[in-house]
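Encoded as structure tokens, the structure appears first; notes follow it.
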Amino acid sequence: MNDFKIKIREQSDVQIIDLKGYLDAHTASEFEQTMQKLINEKKFNILVNCKNLSYISSAGLGVFMAYIEEVRKYKGDIKLANMPPKIYNVFDILGFPLIYEIYNNEEEALKKFLKKS
Amino acid sequence: MKKLNLIQEKTKIDVRSLFEFSKVVNQDVSIEFVINFLLLTLMGKLVCNRAIVFLKNENEEFYIKLAKGVEFKENSPKFKFIKNNLKLFYTSAIRETKNTFIKYLKRNGIQFVIPLVYRSNVLGYVGLGRFQERRISKEEENYLNSIVNIAASAIQQKSNREELLRLNRELDKKIHQMNTLFDLSKEFASILDKEKLLKLFTLSLMGQIGISRYGIFLKEKGLMKVMSSRLPENIDCEFLNGICNFRKPTLTTNISEPSIRKYLMKIGIQVIVPMALRDEVRGILMLGEKMNKSDYSDSDLEFLYSLGNVAIISLENTRLFQEAIEKQRMEDELLIAKEIQQGLLPKSVPEHKCLDISAVNISSKIVGGDYYDVIRLTEDSFVFAIADVSGKGTPASLLMASIHAMFHTLIPLGMPLSELVKRMNDLIYDNTSNDRFITFFCGILDVKTKSFKYVNAGHNLPILLKGNGNIVRLDKGGVLLGIAKENITYEEGFVNLVSGDLLYIFTDGVTEAMNSENVEFGENRLLKILKDYKALPSKEIQNIIIDSLKNYCGENQSDDITMLIVKIL
């Protein structure tokens, strides 16, 4: 269950977070720390790649909610990409597609970030 | 013949058109598509420049779903059912001038209306208008009825499917909520740290409901306190106490008390959720607007209520756990204090061939405020001291330690006892608050001359039981230590002791010990024991007194008990 990994890449001023494994009650705090760190460093363009995410609990979703307002206040955004259908279903059930932009792949999401800047 | 051919030809076209229409609308298309296609087909076929469709909502009202050639806005008017009309009718044929629906239709140039009927149930209306007001032919009417019937059945079918999809989605959401609740109950139960628990609780709350503004308040010592908040302003504690009477999750808009409703709306709270433990509201959750702007559903409220109750149980558990740890830590510290205090009391009493001495101290709490001492000054002289600090437990024990330090510092200086006690009084007066007193007794016994000099500073009178059975009380001295400094002097008392005399020095814990009927043990019982058993060794007399006290009071010793017995052999 503790199989959870976070990696951060940077591409054209966008921080790409790769999430892998189970984002649940135990691992949410790790993800939260990662987000907090990016925000402390004033990096507000955040793209979360969910390709290898196998599970997300409500606490994991809560991390997205905890930072979205602040990020947008600084004209940044949290966008999501490469969501497996199972993960998308959870986002969809809870009405998240109305709050977050979700893209099929990283390139599309990156394009949106670039367009804005 | 030519005319007949024409009619046949036209009927053929009509049938083909109906067939095409039926084929298209029964495919996997939306209600919107069906209606749009219906209007376009009708407008083309019947040469209409105005077309409108009303559909029925859940309140049995008809709203404009789509219009062509007629202006309509999102918030267009809603109308009531037109009675008795399951068939095509002309708006001009209806004389009722008050009917707003008809008025609306006439105003917008709708000349005739066909109800969308599925199994005698009116789903909506199709209204049409032509350039020139001309009635429609029999063929046109047949065609119109057929196509509208096909459309009605397609709309019903699709709305059934949409309803099914909606229900499915609701069910999915419910299952997800149940899973979340189940997972969180498990997680909560395994967390004993309050901060960690609150973190998980708040993250899950934000994630599950899709909010970023919330406040969690918990009752501590009878008052609501903020535990975690992402609200724009601090919420007044009294306000929170005022909303503790909500038993169920409540939408702000449903709160009847205007001042509460207005305040919550001002700070953007949409729901308050009580968190109850054994029927008592122990906490409150306040939630702001959902970020996807949707309203809180009944199912959201149910989820929040359950989540809140699961959380409050776990929060209560963390509190109890922390308290238990804290208590354990204090007990550990007290045990160390007890060891230190026991170290201040004599580990054993000195021995002398002409004396039989024993002493004991039993604290009612782990540490106590009684003090006694037996110090050998020379081979043949001994100091005896006893003190009782007002109060019990830790505060009294601290003062007891000071008395010990003072006494041990002053005794080697060899000053008269009256001066020694005066100095102790002044020190205590200068260094403690006014509400702290100490009763103190000390005396020096010279075994060679059998003389006993003493000072009694307000202590309950020690008993000198003479060999012949007479009783002398040692009452010379002065007031208790620590109440005043000016004009305070102490007088020294003096008694001669002979073989067979017994000196009993004690604190009021002995005589004031209470039984279950709140009657004190008293001096008479004590004196009787002393008289009856004075021939026994001091240690045995001591044990008899302790046993009698235990028998008398049972297990509830309320004060520290200290006694010192000196027998002259």
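Each chain of the structure tokens is named A, B, ... in the order shown, its residues numbered from 1; ligands are numbered from 1 in display order.
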Per-residue nearest contacts of chain B to chain A (10 Å; only C-alpha atoms) as JSON lines:
```
{"residue": "B:Arg169", "atom": "CA", "partner": "A:Ile93", "partner_atom": "CA", "distance": 7.1}
{"residue": "B:Glu170", "atom": "CA", "partner": "A:Ile93", "partner_atom": "CA", "distance": 8.3}
{"residue": "B:Leu171", "atom": "CA", "partner": "A:Ile93", "partner_atom": "CA", "distance": 9.8}
{"residue": "B:Asp172", "atom": "CA", "partner": "A:Ile93", "partner_atom": "CA", "distance": 7.1}
{"residue": "B:Lys173", "atom": "CA", "partner": "A:Ile93", "partner_atom": "CA", "distance": 5.6}
{"residue": "B:Lys174", "atom": "CA", "partner": "A:Ile93", "partner_atom": "CA", "distance": 9.4}
{"residue": "B:His176", "atom": "CA", "partner": "A:Val90", "partner_atom": "CA", "distance": 7.9}
{"residue": "B:Gln177", "atom": "CA", "partner": "A:Ser58", "partner_atom": "CA", "distance": 9.2}
{"residue": "B:Asn179", "atom": "CA", "partner": "A:Ser57", "partner_atom": "CA", "distance": 9.4}
{"residue": "B:Thr180", "atom": "CA", "partner": "A:Ser58", "partner_atom": "CA", "distance": 6.8}
{"residue": "B:Leu181", "atom": "CA", "partner": "A:Ser58", "partner_atom": "CA", "distance": 9.8}
{"residue": "B:Asp183", "atom": "CA", "partner": "A:Ala25", "partner_atom": "CA", "distance": 8.6}
{"residue": "B:Leu184", "atom": "CA", "partner": "A:Ala25", "partner_atom": "CA", "distance": 8.0}
{"residue": "B:Glu187", "atom": "CA", "partner": "A:Ala25", "partner_atom": "CA", "distance": 7.3}
{"residue": "B:Phe188", "atom": "CA", "partner": "A:Ala25", "partner_atom": "CA", "distance": 9.6}
{"residue": "B:Lys196", "atom": "CA", "partner": "A:Ser29", "partner_atom": "CA", "distance": 9.4}
{"residue": "B:Lys199", "atom": "CA", "partner": "A:Ser29", "partner_atom": "CA", "distance": 8.4}
{"residue": "B:Leu200", "atom": "CA", "partner": "A:Ala59", "partner_atom": "CA", "distance": 6.3}
{"residue": "B:Phe201", "atom": "CA", "partner": "A:Ala59", "partner_atom": "CA", "distance": 7.7}
{"residue": "B:Thr202", "atom": "CA", "partner": "A:Gly62", "partner_atom": "CA", "distance": 7.6}
{"residue": "B:Leu203", "atom": "CA", "partner": "A:Gly62", "partner_atom": "CA", "distance": 4.2}
{"residue": "B:Ser204", "atom": "CA", "partner": "A:Ala59", "partner_atom": "CA", "distance": 3.8}
{"residue": "B:Leu205", "atom": "CA", "partner": "A:Gly62", "partner_atom": "CA", "distance": 6.9}
{"residue": "B:Met206", "atom": "CA", "partner": "A:Gly62", "partner_atom": "CA", "distance": 4.7}
{"residue": "B:Gly207", "atom": "CA", "partner": "A:Gly62", "partner_atom": "CA", "distance": 3.5}
{"residue": "B:Gln208", "atom": "CA", "partner": "A:Ser58", "partner_atom": "CA", "distance": 5.0}
{"residue": "B:Ile209", "atom": "CA", "partner": "A:Leu94", "partner_atom": "CA", "distance": 7.0}
{"residue": "B:Gly210", "atom": "CA", "partner": "A:Met65", "partner_atom": "CA", "distance": 6.6}
{"residue": "B:Ile211", "atom": "CA", "partner": "A:Met65", "partner_atom": "CA", "distance": 6.5}
{"residue": "B:Ser212", "atom": "CA", "partner": "A:Met65", "partner_atom": "CA", "distance": 5.7}
{"residue": "B:Arg213", "atom": "CA", "partner": "A:Ala66", "partner_atom": "CA", "distance": 8.9}
{"residue": "B:Arg230", "atom": "CA", "partner": "A:Ala66", "partner_atom": "CA", "distance": 9.4}
{"residue": "B:Lys290", "atom": "CA", "partner": "A:Ile99", "partner_atom": "CA", "distance": 9.5}
{"residue": "B:Met291", "atom": "CA", "partner": "A:Ile99", "partner_atom": "CA", "distance": 6.3}
{"residue": "B:Asn292", "atom": "CA", "partner": "A:Leu98", "partner_atom": "CA", "distance": 5.3}
{"residue": "B:Lys293", "atom": "CA", "partner": "A:Leu98", "partner_atom": "CA", "distance": 8.6}
{"residue": "B:Ser294", "atom": "CA", "partner": "A:Gly95", "partner_atom": "CA", "distance": 8.6}
```
request  = May I have all residues of range 405-515 of chain B that DSSP, computed from the backbone, assigns to strand (DSSP E or B), given as an MDAnalysis selection string?
outcome  = chainID B and resid 438:446 451:458 463:465 471:473 477:478 481 493:496 502:506 514
ask   = So which bits of range 72-186 of chain B end up alpha helix (DSSP H) when you DSSP the backbone, as an MDAnalysis selection string?
value = chainID B and resid 100:107 138:186
Quick one: everything within 12 Å of range 127-142 of chain B, counting only C-alpha atoms, minus sequence neighbours fewer than 6 positions away in the same chain. Send it as a PDB file with N, CA, C and O atoms, in the first residue's frame.
```
ATOM      1  N   ILE B   7     -51.814  13.009 -54.617  1.00  0.00           N
ATOM      2  CA  ILE B   7     -52.033  12.701 -53.197  1.00  0.00           C
ATOM      3  C   ILE B   7     -51.197  11.499 -52.788  1.00  0.00           C
ATOM      4  O   ILE B   7     -50.542  11.494 -51.752  1.00  0.00           O
ATOM      5  N   GLN B   8     -51.205  10.487 -53.657  1.00  0.00           N
ATOM      6  CA  GLN B   8     -50.418   9.294 -53.349  1.00  0.00           C
ATOM      7  C   GLN B   8     -48.934   9.635 -53.196  1.00  0.00           C
ATOM      8  O   GLN B   8     -48.256   9.187 -52.287  1.00  0.00           O
ATOM      9  N   LYS B  10     -47.680  12.482 -52.447  1.00  0.00           N
ATOM     10  CA  LYS B  10     -47.466  13.278 -51.245  1.00  0.00           C
ATOM     11  C   LYS B  10     -47.439  12.375 -50.005  1.00  0.00           C
ATOM     12  O   LYS B  10     -46.587  12.508 -49.122  1.00  0.00           O
ATOM     13  N   THR B  11     -48.390  11.427 -49.968  1.00  0.00           N
ATOM     14  CA  THR B  11     -48.456  10.507 -48.838  1.00  0.00           C
ATOM     15  C   THR B  11     -47.165   9.709 -48.749  1.00  0.00           C
ATOM     16  O   THR B  11     -46.623   9.492 -47.669  1.00  0.00           O
ATOM     17  N   LYS B  12     -46.659   9.306 -49.936  1.00  0.00           N
ATOM     18  CA  LYS B  12     -45.408   8.556 -49.967  1.00  0.00           C
ATOM     19  C   LYS B  12     -44.281   9.369 -49.328  1.00  0.00           C
ATOM     20  O   LYS B  12     -43.501   8.862 -48.516  1.00  0.00           O
ATOM     21  N   ILE B  13     -44.228  10.636 -49.729  1.00  0.00           N
ATOM     22  CA  ILE B  13     -43.178  11.504 -49.193  1.00  0.00           C
ATOM     23  C   ILE B  13     -43.316  11.637 -47.679  1.00  0.00           C
ATOM     24  O   ILE B  13     -42.356  11.548 -46.937  1.00  0.00           O
ATOM     25  N   ASP B  14     -44.606  11.816 -47.259  1.00  0.00           N
ATOM     26  CA  ASP B  14     -44.868  11.939 -45.824  1.00  0.00           C
ATOM     27  C   ASP B  14     -44.380  10.709 -45.081  1.00  0.00           C
ATOM     28  O   ASP B  14     -43.707  10.801 -44.061  1.00  0.00           O
ATOM     29  N   VAL B  15     -44.726   9.531 -45.613  1.00  0.00           N
ATOM     30  CA  VAL B  15     -44.349   8.282 -44.946  1.00  0.00           C
ATOM     31  C   VAL B  15     -42.830   8.148 -44.893  1.00  0.00           C
ATOM     32  O   VAL B  15     -42.261   7.794 -43.863  1.00  0.00           O
ATOM     33  N   LEU B  18     -41.533  10.443 -42.304  1.00  0.00           N
ATOM     34  CA  LEU B  18     -41.778   9.921 -40.953  1.00  0.00           C
ATOM     35  C   LEU B  18     -40.792   8.819 -40.622  1.00  0.00           C
ATOM     36  O   LEU B  18     -40.255   8.741 -39.516  1.00  0.00           O
ATOM     37  N   LEU B  38     -36.935  17.908 -34.699  1.00  0.00           N
ATOM     38  CA  LEU B  38     -38.401  17.983 -34.842  1.00  0.00           C
ATOM     39  C   LEU B  38     -38.817  19.358 -35.374  1.00  0.00           C
ATOM     40  O   LEU B  38     -39.584  19.474 -36.327  1.00  0.00           O
ATOM     41  N   LEU B  39     -38.270  20.404 -34.738  1.00  0.00           N
ATOM     42  CA  LEU B  39     -38.654  21.760 -35.152  1.00  0.00           C
ATOM     43  C   LEU B  39     -38.222  22.045 -36.587  1.00  0.00           C
ATOM     44  O   LEU B  39     -38.997  22.585 -37.385  1.00  0.00           O
ATOM     45  N   LEU B  40     -36.992  21.653 -36.901  1.00  0.00           N
ATOM     46  CA  LEU B  40     -36.511  21.906 -38.260  1.00  0.00           C
ATOM     47  C   LEU B  40     -37.366  21.175 -39.288  1.00  0.00           C
ATOM     48  O   LEU B  40     -37.748  21.734 -40.324  1.00  0.00           O
ATOM     49  N   THR B  41     -37.694  19.926 -38.981  1.00  0.00           N
ATOM     50  CA  THR B  41     -38.506  19.131 -39.903  1.00  0.00           C
ATOM     51  C   THR B  41     -39.879  19.765 -40.100  1.00  0.00           C
ATOM     52  O   THR B  41     -40.352  19.928 -41.224  1.00  0.00           O
ATOM     53  N   LEU B  42     -40.502  20.134 -38.960  1.00  0.00           N
ATOM     54  CA  LEU B  42     -41.845  20.725 -39.043  1.00  0.00           C
ATOM     55  C   LEU B  42     -41.825  22.054 -39.788  1.00  0.00           C
ATOM     56  O   LEU B  42     -42.695  22.340 -40.613  1.00  0.00           O
ATOM     57  N   MET B  43     -40.837  22.881 -39.481  1.00  0.00           N
ATOM     58  CA  MET B  43     -40.781  24.198 -40.119  1.00  0.00           C
ATOM     59  C   MET B  43     -40.613  24.061 -41.619  1.00  0.00           C
ATOM     60  O   MET B  43     -41.221  24.810 -42.392  1.00  0.00           O
ATOM     61  N   GLY B  44     -39.798  23.080 -42.002  1.00  0.00           N
ATOM     62  CA  GLY B  44     -39.576  22.869 -43.431  1.00  0.00           C
ATOM     63  C   GLY B  44     -40.806  22.294 -44.099  1.00  0.00           C
ATOM     64  O   GLY B  44     -41.265  22.783 -45.122  1.00  0.00           O
ATOM     65  N   LYS B  45     -41.353  21.282 -43.477  1.00  0.00           N
ATOM     66  CA  LYS B  45     -42.456  20.539 -44.079  1.00  0.00           C
ATOM     67  C   LYS B  45     -43.738  21.356 -44.119  1.00  0.00           C
ATOM     68  O   LYS B  45     -44.480  21.320 -45.094  1.00  0.00           O
ATOM     69  N   LEU B  46     -44.010  22.095 -43.062  1.00  0.00           N
ATOM     70  CA  LEU B  46     -45.269  22.830 -42.989  1.00  0.00           C
ATOM     71  C   LEU B  46     -45.094  24.322 -43.279  1.00  0.00           C
ATOM     72  O   LEU B  46     -46.020  25.108 -43.108  1.00  0.00           O
ATOM     73  N   VAL B  47     -43.871  24.686 -43.684  1.00  0.00           N
ATOM     74  CA  VAL B  47     -43.557  26.068 -44.014  1.00  0.00           C
ATOM     75  C   VAL B  47     -43.956  27.020 -42.882  1.00  0.00           C
ATOM     76  O   VAL B  47     -44.849  27.852 -43.011  1.00  0.00           O
ATOM     77  N   CYS B  48     -43.296  26.841 -41.760  1.00  0.00           N
ATOM     78  CA  CYS B  48     -43.536  27.700 -40.602  1.00  0.00           C
ATOM     79  C   CYS B  48     -42.312  28.569 -40.371  1.00  0.00           C
ATOM     80  O   CYS B  48     -41.188  28.135 -40.605  1.00  0.00           O
ATOM     81  N   ASN B  49     -42.528  29.783 -39.892  1.00  0.00           N
ATOM     82  CA  ASN B  49     -41.388  30.620 -39.552  1.00  0.00           C
ATOM     83  C   ASN B  49     -41.214  30.779 -38.033  1.00  0.00           C
ATOM     84  O   ASN B  49     -40.277  31.394 -37.577  1.00  0.00           O
ATOM     85  N   ARG B  50     -42.151  30.212 -37.291  1.00  0.00           N
ATOM     86  CA  ARG B  50     -42.022  30.243 -35.828  1.00  0.00           C
ATOM     87  C   ARG B  50     -42.298  28.856 -35.281  1.00  0.00           C
ATOM     88  O   ARG B  50     -43.266  28.217 -35.667  1.00  0.00           O
ATOM     89  N   ALA B  51     -41.422  28.431 -34.407  1.00  0.00           N
ATOM     90  CA  ALA B  51     -41.648  27.114 -33.798  1.00  0.00           C
ATOM     91  C   ALA B  51     -41.100  27.145 -32.382  1.00  0.00           C
ATOM     92  O   ALA B  51     -40.088  27.791 -32.107  1.00  0.00           O
ATOM     93  N   ILE B  52     -41.804  26.477 -31.497  1.00  0.00           N
ATOM     94  CA  ILE B  52     -41.399  26.515 -30.093  1.00  0.00           C
ATOM     95  C   ILE B  52     -41.762  25.187 -29.428  1.00  0.00           C
ATOM     96  O   ILE B  52     -42.763  24.561 -29.797  1.00  0.00           O
ATOM     97  N   VAL B  53     -40.910  24.750 -28.508  1.00  0.00           N
ATOM     98  CA  VAL B  53     -41.225  23.526 -27.761  1.00  0.00           C
ATOM     99  C   VAL B  53     -41.168  23.815 -26.272  1.00  0.00           C
ATOM    100  O   VAL B  53     -40.205  24.400 -25.779  1.00  0.00           O
ATOM    101  N   PHE B  54     -42.234  23.425 -25.584  1.00  0.00           N
ATOM    102  CA  PHE B  54     -42.252  23.506 -24.118  1.00  0.00           C
ATOM    103  C   PHE B  54     -42.137  22.094 -23.565  1.00  0.00           C
ATOM    104  O   PHE B  54     -42.753  21.178 -24.106  1.00  0.00           O
ATOM    105  N   LEU B  55     -41.367  21.958 -22.492  1.00  0.00           N
ATOM    106  CA  LEU B  55     -41.324  20.654 -21.819  1.00  0.00           C
ATOM    107  C   LEU B  55     -41.732  20.836 -20.367  1.00  0.00           C
ATOM    108  O   LEU B  55     -41.606  21.915 -19.797  1.00  0.00           O
ATOM    109  N   ILE B  64     -39.792  26.741 -21.722  1.00  0.00           N
ATOM    110  CA  ILE B  64     -39.385  26.731 -23.131  1.00  0.00           C
ATOM    111  C   ILE B  64     -38.081  25.964 -23.268  1.00  0.00           C
ATOM    112  O   ILE B  64     -37.073  26.314 -22.668  1.00  0.00           O
ATOM    113  N   LYS B  65     -38.127  24.896 -24.021  1.00  0.00           N
ATOM    114  CA  LYS B  65     -36.924  24.080 -24.211  1.00  0.00           C
ATOM    115  C   LYS B  65     -36.147  24.602 -25.422  1.00  0.00           C
ATOM    116  O   LYS B  65     -34.933  24.683 -25.393  1.00  0.00           O
ATOM    117  N   LEU B  66     -36.871  24.951 -26.444  1.00  0.00           N
ATOM    118  CA  LEU B  66     -36.215  25.429 -27.663  1.00  0.00           C
ATOM    119  C   LEU B  66     -37.212  26.266 -28.460  1.00  0.00           C
ATOM    120  O   LEU B  66     -38.405  25.971 -28.466  1.00  0.00           O
ATOM    121  N   ALA B  67     -36.717  27.295 -29.118  1.00  0.00           N
ATOM    122  CA  ALA B  67     -37.603  28.103 -29.958  1.00  0.00           C
ATOM    123  C   ALA B  67     -36.839  28.560 -31.185  1.00  0.00           C
ATOM    124  O   ALA B  67     -35.640  28.800 -31.116  1.00  0.00           O
ATOM    125  N   LYS B  68     -37.541  28.625 -32.246  1.00  0.00           N
ATOM    126  CA  LYS B  68     -36.934  29.150 -33.478  1.00  0.00           C
ATOM    127  C   LYS B  68     -37.872  30.219 -34.025  1.00  0.00           C
ATOM    128  O   LYS B  68     -39.082  29.992 -34.126  1.00  0.00           O
ATOM    129  N   GLY B  69     -37.310  31.368 -34.354  1.00  0.00           N
ATOM    130  CA  GLY B  69     -38.126  32.475 -34.844  1.00  0.00           C
ATOM    131  C   GLY B  69     -38.871  33.170 -33.719  1.00  0.00           C
ATOM    132  O   GLY B  69     -39.649  34.083 -33.940  1.00  0.00           O
ATOM    133  N   VAL B  70     -38.669  32.708 -32.482  1.00  0.00           N
ATOM    134  CA  VAL B  70     -39.282  33.349 -31.312  1.00  0.00           C
ATOM    135  C   VAL B  70     -38.149  33.603 -30.334  1.00  0.00           C
ATOM    136  O   VAL B  70     -37.352  32.705 -30.068  1.00  0.00           O
ATOM    137  N   LYS B  87     -55.106  17.229 -28.051  1.00  0.00           N
ATOM    138  CA  LYS B  87     -55.079  17.265 -29.525  1.00  0.00           C
ATOM    139  C   LYS B  87     -54.675  18.644 -30.019  1.00  0.00           C
ATOM    140  O   LYS B  87     -54.626  19.591 -29.236  1.00  0.00           O
ATOM    141  N   LEU B  88     -54.403  18.718 -31.284  1.00  0.00           N
ATOM    142  CA  LEU B  88     -54.032  19.986 -31.895  1.00  0.00           C
ATOM    143  C   LEU B  88     -55.120  21.032 -31.665  1.00  0.00           C
ATOM    144  O   LEU B  88     -56.302  20.734 -31.740  1.00  0.00           O
ATOM    145  N   PHE B  89     -54.702  22.250 -31.326  1.00  0.00           N
ATOM    146  CA  PHE B  89     -55.705  23.328 -31.224  1.00  0.00           C
ATOM    147  C   PHE B  89     -55.109  24.640 -31.736  1.00  0.00           C
ATOM    148  O   PHE B  89     -53.886  24.807 -31.780  1.00  0.00           O
ATOM    149  N   TYR B  90     -56.025  25.521 -32.143  1.00  0.00           N
ATOM    150  CA  TYR B  90     -55.611  26.844 -32.620  1.00  0.00           C
ATOM    151  C   TYR B  90     -55.672  27.812 -31.461  1.00  0.00           C
ATOM    152  O   TYR B  90     -56.619  27.800 -30.684  1.00  0.00           O
ATOM    153  N   THR B  91     -54.657  28.636 -31.318  1.00  0.00           N
ATOM    154  CA  THR B  91     -54.640  29.580 -30.195  1.00  0.00           C
ATOM    155  C   THR B  91     -55.785  30.575 -30.334  1.00  0.00           C
ATOM    156  O   THR B  91     -56.344  31.042 -29.348  1.00  0.00           O
ATOM    157  N   SER B  92     -56.150  30.873 -31.578  1.00  0.00           N
ATOM    158  CA  SER B  92     -57.222  31.849 -31.789  1.00  0.00           C
ATOM    159  C   SER B  92     -58.566  31.301 -31.324  1.00  0.00           C
ATOM    160  O   SER B  92     -59.483  32.057 -31.036  1.00  0.00           O
ATOM    161  N   ALA B  93     -58.666  29.964 -31.248  1.00  0.00           N
ATOM    162  CA  ALA B  93     -59.938  29.355 -30.855  1.00  0.00           C
ATOM    163  C   ALA B  93     -60.175  29.458 -29.358  1.00  0.00           C
ATOM    164  O   ALA B  93     -61.273  29.216 -28.873  1.00  0.00           O
ATOM    165  N   PHE B 101     -50.470  31.516 -20.648  1.00  0.00           N
ATOM    166  CA  PHE B 101     -49.826  30.661 -21.640  1.00  0.00           C
ATOM    167  C   PHE B 101     -50.328  31.030 -23.041  1.00  0.00           C
ATOM    168  O   PHE B 101     -49.547  31.297 -23.964  1.00  0.00           O
ATOM    169  N   ILE B 102     -51.634  31.078 -23.173  1.00  0.00           N
ATOM    170  CA  ILE B 102     -52.236  31.404 -24.465  1.00  0.00           C
ATOM    171  C   ILE B 102     -51.828  32.811 -24.894  1.00  0.00           C
ATOM    172  O   ILE B 102     -51.493  33.056 -26.059  1.00  0.00           O
ATOM    173  N   TYR B 104     -49.162  34.385 -24.115  1.00  0.00           N
ATOM    174  CA  TYR B 104     -47.759  34.341 -24.539  1.00  0.00           C
ATOM    175  C   TYR B 104     -47.647  33.802 -25.960  1.00  0.00           C
ATOM    176  O   TYR B 104     -46.930  34.340 -26.801  1.00  0.00           O
ATOM    177  N   LEU B 105     -48.409  32.706 -26.219  1.00  0.00           N
ATOM    178  CA  LEU B 105     -48.353  32.077 -27.544  1.00  0.00           C
ATOM    179  C   LEU B 105     -48.852  33.043 -28.624  1.00  0.00           C
ATOM    180  O   LEU B 105     -48.228  33.205 -29.669  1.00  0.00           O
ATOM    181  N   LYS B 106     -49.973  33.704 -28.337  1.00  0.00           N
ATOM    182  CA  LYS B 106     -50.544  34.635 -29.322  1.00  0.00           C
ATOM    183  C   LYS B 106     -49.597  35.786 -29.589  1.00  0.00           C
ATOM    184  O   LYS B 106     -49.363  36.175 -30.728  1.00  0.00           O
ATOM    185  N   ARG B 107     -49.016  36.293 -28.480  1.00  0.00           N
ATOM    186  CA  ARG B 107     -48.118  37.439 -28.627  1.00  0.00           C
ATOM    187  C   ARG B 107     -46.919  37.093 -29.509  1.00  0.00           C
ATOM    188  O   ARG B 107     -46.394  37.910 -30.235  1.00  0.00           O
ATOM    189  N   ASN B 108     -46.494  35.847 -29.440  1.00  0.00           N
ATOM    190  CA  ASN B 108     -45.321  35.449 -30.209  1.00  0.00           C
ATOM    191  C   ASN B 108     -45.664  34.797 -31.551  1.00  0.00           C
ATOM    192  O   ASN B 108     -44.832  34.113 -32.150  1.00  0.00           O
ATOM    193  N   GLY B 109     -46.892  34.973 -31.966  1.00  0.00           N
ATOM    194  CA  GLY B 109     -47.273  34.540 -33.305  1.00  0.00           C
ATOM    195  C   GLY B 109     -47.411  33.045 -33.482  1.00  0.00           C
ATOM    196  O   GLY B 109     -47.226  32.515 -34.574  1.00  0.00           O
ATOM    197  N   ILE B 110     -47.671  32.331 -32.383  1.00  0.00           N
ATOM    198  CA  ILE B 110     -47.894  30.883 -32.479  1.00  0.00           C
ATOM    199  C   ILE B 110     -49.377  30.661 -32.765  1.00  0.00           C
ATOM    200  O   ILE B 110     -50.236  31.071 -31.994  1.00  0.00           O
ATOM    201  N   GLN B 111     -49.658  30.006 -33.913  1.00  0.00           N
ATOM    202  CA  GLN B 111     -51.059  29.867 -34.320  1.00  0.00           C
ATOM    203  C   GLN B 111     -51.671  28.557 -33.886  1.00  0.00           C
ATOM    204  O   GLN B 111     -52.848  28.501 -33.555  1.00  0.00           O
ATOM    205  N   PHE B 112     -50.878  27.505 -33.893  1.00  0.00           N
ATOM    206  CA  PHE B 112     -51.462  26.240 -33.424  1.00  0.00           C
ATOM    207  C   PHE B 112     -50.471  25.444 -32.597  1.00  0.00           C
ATOM    208  O   PHE B 112     -49.257  25.599 -32.714  1.00  0.00           O
ATOM    209  N   VAL B 113     -51.057  24.630 -31.712  1.00  0.00           N
ATOM    210  CA  VAL B 113     -50.266  23.920 -30.715  1.00  0.00           C
ATOM    211  C   VAL B 113     -50.629  22.445 -30.740  1.00  0.00           C
ATOM    212  O   VAL B 113     -51.802  22.097 -30.824  1.00  0.00           O
ATOM    213  N   ILE B 114     -49.592  21.591 -30.723  1.00  0.00           N
ATOM    214  CA  ILE B 114     -49.854  20.148 -30.654  1.00  0.00           C
ATOM    215  C   ILE B 114     -49.178  19.642 -29.382  1.00  0.00           C
ATOM    216  O   ILE B 114     -47.990  19.887 -29.164  1.00  0.00           O
ATOM    217  N   PRO B 115     -49.932  18.991 -28.516  1.00  0.00           N
ATOM    218  CA  PRO B 115     -49.306  18.457 -27.309  1.00  0.00           C
ATOM    219  C   PRO B 115     -48.413  17.261 -27.627  1.00  0.00           C
ATOM    220  O   PRO B 115     -48.715  16.478 -28.521  1.00  0.00           O
ATOM    221  N   LEU B 116     -47.295  17.147 -26.893  1.00  0.00           N
ATOM    222  CA  LEU B 116     -46.434  15.971 -26.987  1.00  0.00           C
ATOM    223  C   LEU B 116     -46.986  14.977 -25.981  1.00  0.00           C
ATOM    224  O   LEU B 116     -46.820  15.147 -24.770  1.00  0.00           O
ATOM    225  N   VAL B 148     -45.203  14.130 -34.246  1.00  0.00           N
ATOM    226  CA  VAL B 148     -45.137  14.562 -32.851  1.00  0.00           C
ATOM    227  C   VAL B 148     -45.231  13.347 -31.925  1.00  0.00           C
ATOM    228  O   VAL B 148     -44.568  13.274 -30.897  1.00  0.00           O
ATOM    229  N   ASN B 149     -46.029  12.365 -32.323  1.00  0.00           N
ATOM    230  CA  ASN B 149     -46.113  11.126 -31.542  1.00  0.00           C
ATOM    231  C   ASN B 149     -44.773  10.413 -31.490  1.00  0.00           C
ATOM    232  O   ASN B 149     -44.358   9.934 -30.434  1.00  0.00           O
TER     233      ASN B 149
END
```
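Going from CA of Leu165 in chain B to CA of Tyr103 in chain A covers 24.1 Å.
We find CA of Met178 in chain B and CA of Leu301 in chain B to be spaced 13.0 Å apart.
Between CA of Met563 in chain B and CA of Thr449 in chain B the interatomic distance comes to 24.7 Å.
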